[in-house]
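I have placed the structure first, in the form of structure tokens, so that the comments after it can refer back to it.
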Amino acid sequence: VRGQIRATGGGVYVVHLRDGQEVDASLRGRLKLQARSGDQVVIGDEVEAVLVEDHWVIEEVLPRRTEIVRSRFGGRTVKALVANVDRLVVVVAAIKPKPNREIIDRLLVVAESAGVEAILVVNKIDLRRGAATAEELEGVYSAIGYRVLLVSAEEGTGADEFRRSVCSGISALAGPSGVGKSHLVNAIEPTLALRTGELSRKTARGRHTTVSSRLIPLSCGGLLADTPGFSDVGVWGVHPEKLSACFPEFRPFLGKCHFRVCSHLHEPECAVREALGQGEISAGRFENYTKLWTEAEELLARERGHT
Ligand SMILES: Nc1nc2c(ncn2[C@@H]2O[C@H](COP(=O)(O)OP(=O)(O)OP(=O)(O)O)[C@@H](O)[C@H]2O)c(=O)[nH]1
Ligand SMILES: [Mg+2]
Ligand SMILES: [Zn+2]
């Protein structure tokens, strides 16, 4: 039977079967071995499950459309967080905490490198002192082509638009602690009363399972990924040479540099840096590109040292 992984944790997988039933399942031997070596079955995975006597066994994982992975280049520490994600919702607050442009750009790179749509939600716009920052963020990121929503989870401003954005497919919410992610979810789904610490769930068989990641169904039809590990993001295995393509505003200039392989950091006749000089690329974005490139390069060098 076809199904979708809705929760995982402690070796138990909650599978939402095609007929709407939710069942606990375990992995078949081969998949269990793969999971141990890092190739895990995660929320969002589409699977084939079979009923063996009285328990469900996951026989196969279908190819993923997209995946958000924390990995090292070719290393064994591949760790998928969520599969088949349709969009990454990057959440920041206009103020309290003050938005960190580097975190925003890192998360956007995560989405770009996974080939997943990204939207930026700026919350807490009810706090007047954050108004200028919210507008500045909207200016910078909408110019690049990202959808930017200015919202207040507290007052409900923009909540409808946010709801409409996540009512199809799988959305993953990411952003620093305290920006209001849980409040946003509550604003669009009051009955859910998402508790951040809630990691236990009563399964169909009446057993309590500790789950570490869940896909939360919204009444409007979408699914929200609730997974730990989104707040501390590195470059997540993006190869330095692939990084520039993860900055959409760089794309028109790629391939136009003097050198075919150009880091855009110091080479002469670099089309990206020329665009920067002409104000077509924001200095803040370029600075974060530089940081991420250096980090990715160091990670790659370390990887090579190990192999
Ligand atoms: N003024 C204002 N405060 C808000 C708003 N949304 C959330 N808050 C406050 O911000 C704080 C953090 O909100 P949470 O929803 O817990 O933040 P979170 O992003 O889920 O944080 P973590 O679970 O730690 O990652 C709470 O004290 C909320 O009351 C808003 O729209 N306006
Ligand atoms: Mg929360
Ligand atoms: Zn260049």
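Residue numbering restarts at 1 in every chain; chains get A, B, ... in the order shown in the structure tokens, and ligands count up from 1 in that same order.
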
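When the distance limit is 10 Å and only C-alpha atoms are what count, the residues near segment 127-143 of chain A, minus those fewer than 3 positions from it on the same chain, are A:Val92, A:Ala93, A:Ala94, A:Ile95, A:Lys96, A:Lys98, A:Pro99, A:Arg101, A:Ile104, A:Asp105, A:Ile119, A:Leu120, A:Val121, A:Val122, A:Asn123, A:Lys124, A:Tyr146, A:Arg147, A:Val148, A:Leu149, A:Leu150, A:Val151, A:Ser152, A:Glu249, A:Ile281, A:Ser282, A:Gly284, A:Arg285.
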
Got a sec to tell me which of segment 56-194 of chain A DSSP assigns to alpha helix (DSSP H), as a PyMOL selection string? chain A and resi 101-114+131-144+159-165+181-188

Could you give me the residues within 6 Å of ligand 1, counting only C-alpha atoms and all ligand atoms, as a ChimeraX atom specification? /A:123-124,126-127,152-154,176-183,196

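Comparing A:Leu265, A:Val90, A:Gly175, A:Asp19 by their smallest distance to ligand 2, the closest is A:Gly175 (using only C-alpha atoms and all ligand atoms).
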
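Closest approach to Gly38 of chain A among A:Ile125, A:Leu215, A:Val166, A:Ala80: A:Ala80, based on only C-alpha atoms.
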
With a distance cut-off of 12 Å and only C-alpha atoms, select the neighbouring residues of segment 13-17 of chain A, excluding the residue or stretch itself and same-chain residues fewer than 4 positions from it, and output the selection as a VMD selection string. chain A and resid 1 to 9 21 to 28 32 40 to 51 55 to 58 61 201 to 205 207 to 217

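Separating atom CA of Ala296 of chain A from atom CA of Leu276 of chain A is a distance of 21.3 Å.
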
Pairwise distance, atom CA of Phe253 of chain A with atom CA of Arg106 of chain A, equals 20.8 Å

Compute the set of protein, DNA and RNA residues whose minimum atom distance to ligand 3 is at most 7 Å, using only C-alpha atoms and all ligand atoms, and state it as a PyMOL selection string. chain A and resi 257+262-264+267+270-273

Report, in Å to a single decimal, how far apart atom CA of Ile170 of chain A and atom CA of Arg65 of chain A are. 11.5 Å

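Candidate residues A:Leu108, A:Leu184, A:Leu300, A:Ile103 were compared for distance to ligand 2, and the nearest is A:Leu184, using only C-alpha atoms and all ligand atoms.
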
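If you measure from each of A:Ile188, A:Thr227, A:Asp54, A:Phe247 to ligand 2 using only C-alpha atoms and all ligand atoms, the closest one turns out to be A:Thr227.
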
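Take the candidates A:Gly156, A:Gly20, A:Arg70, A:Val185 and check each one against ligand 2 using only C-alpha atoms and all ligand atoms; the shortest distance goes to A:Val185.
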
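Ranking A:Asn186, A:Lys79, A:Ala111, A:Asp86 by their shortest atom-to-atom distance to ligand 2, with only C-alpha atoms and all ligand atoms included, puts A:Asn186 first.
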
As a PyMOL selection string, which residues of segment 73-159 of chain A does DSSP assign to strand (DSSP E)? chain A and resi 79-83+87-93+117-123+147-150
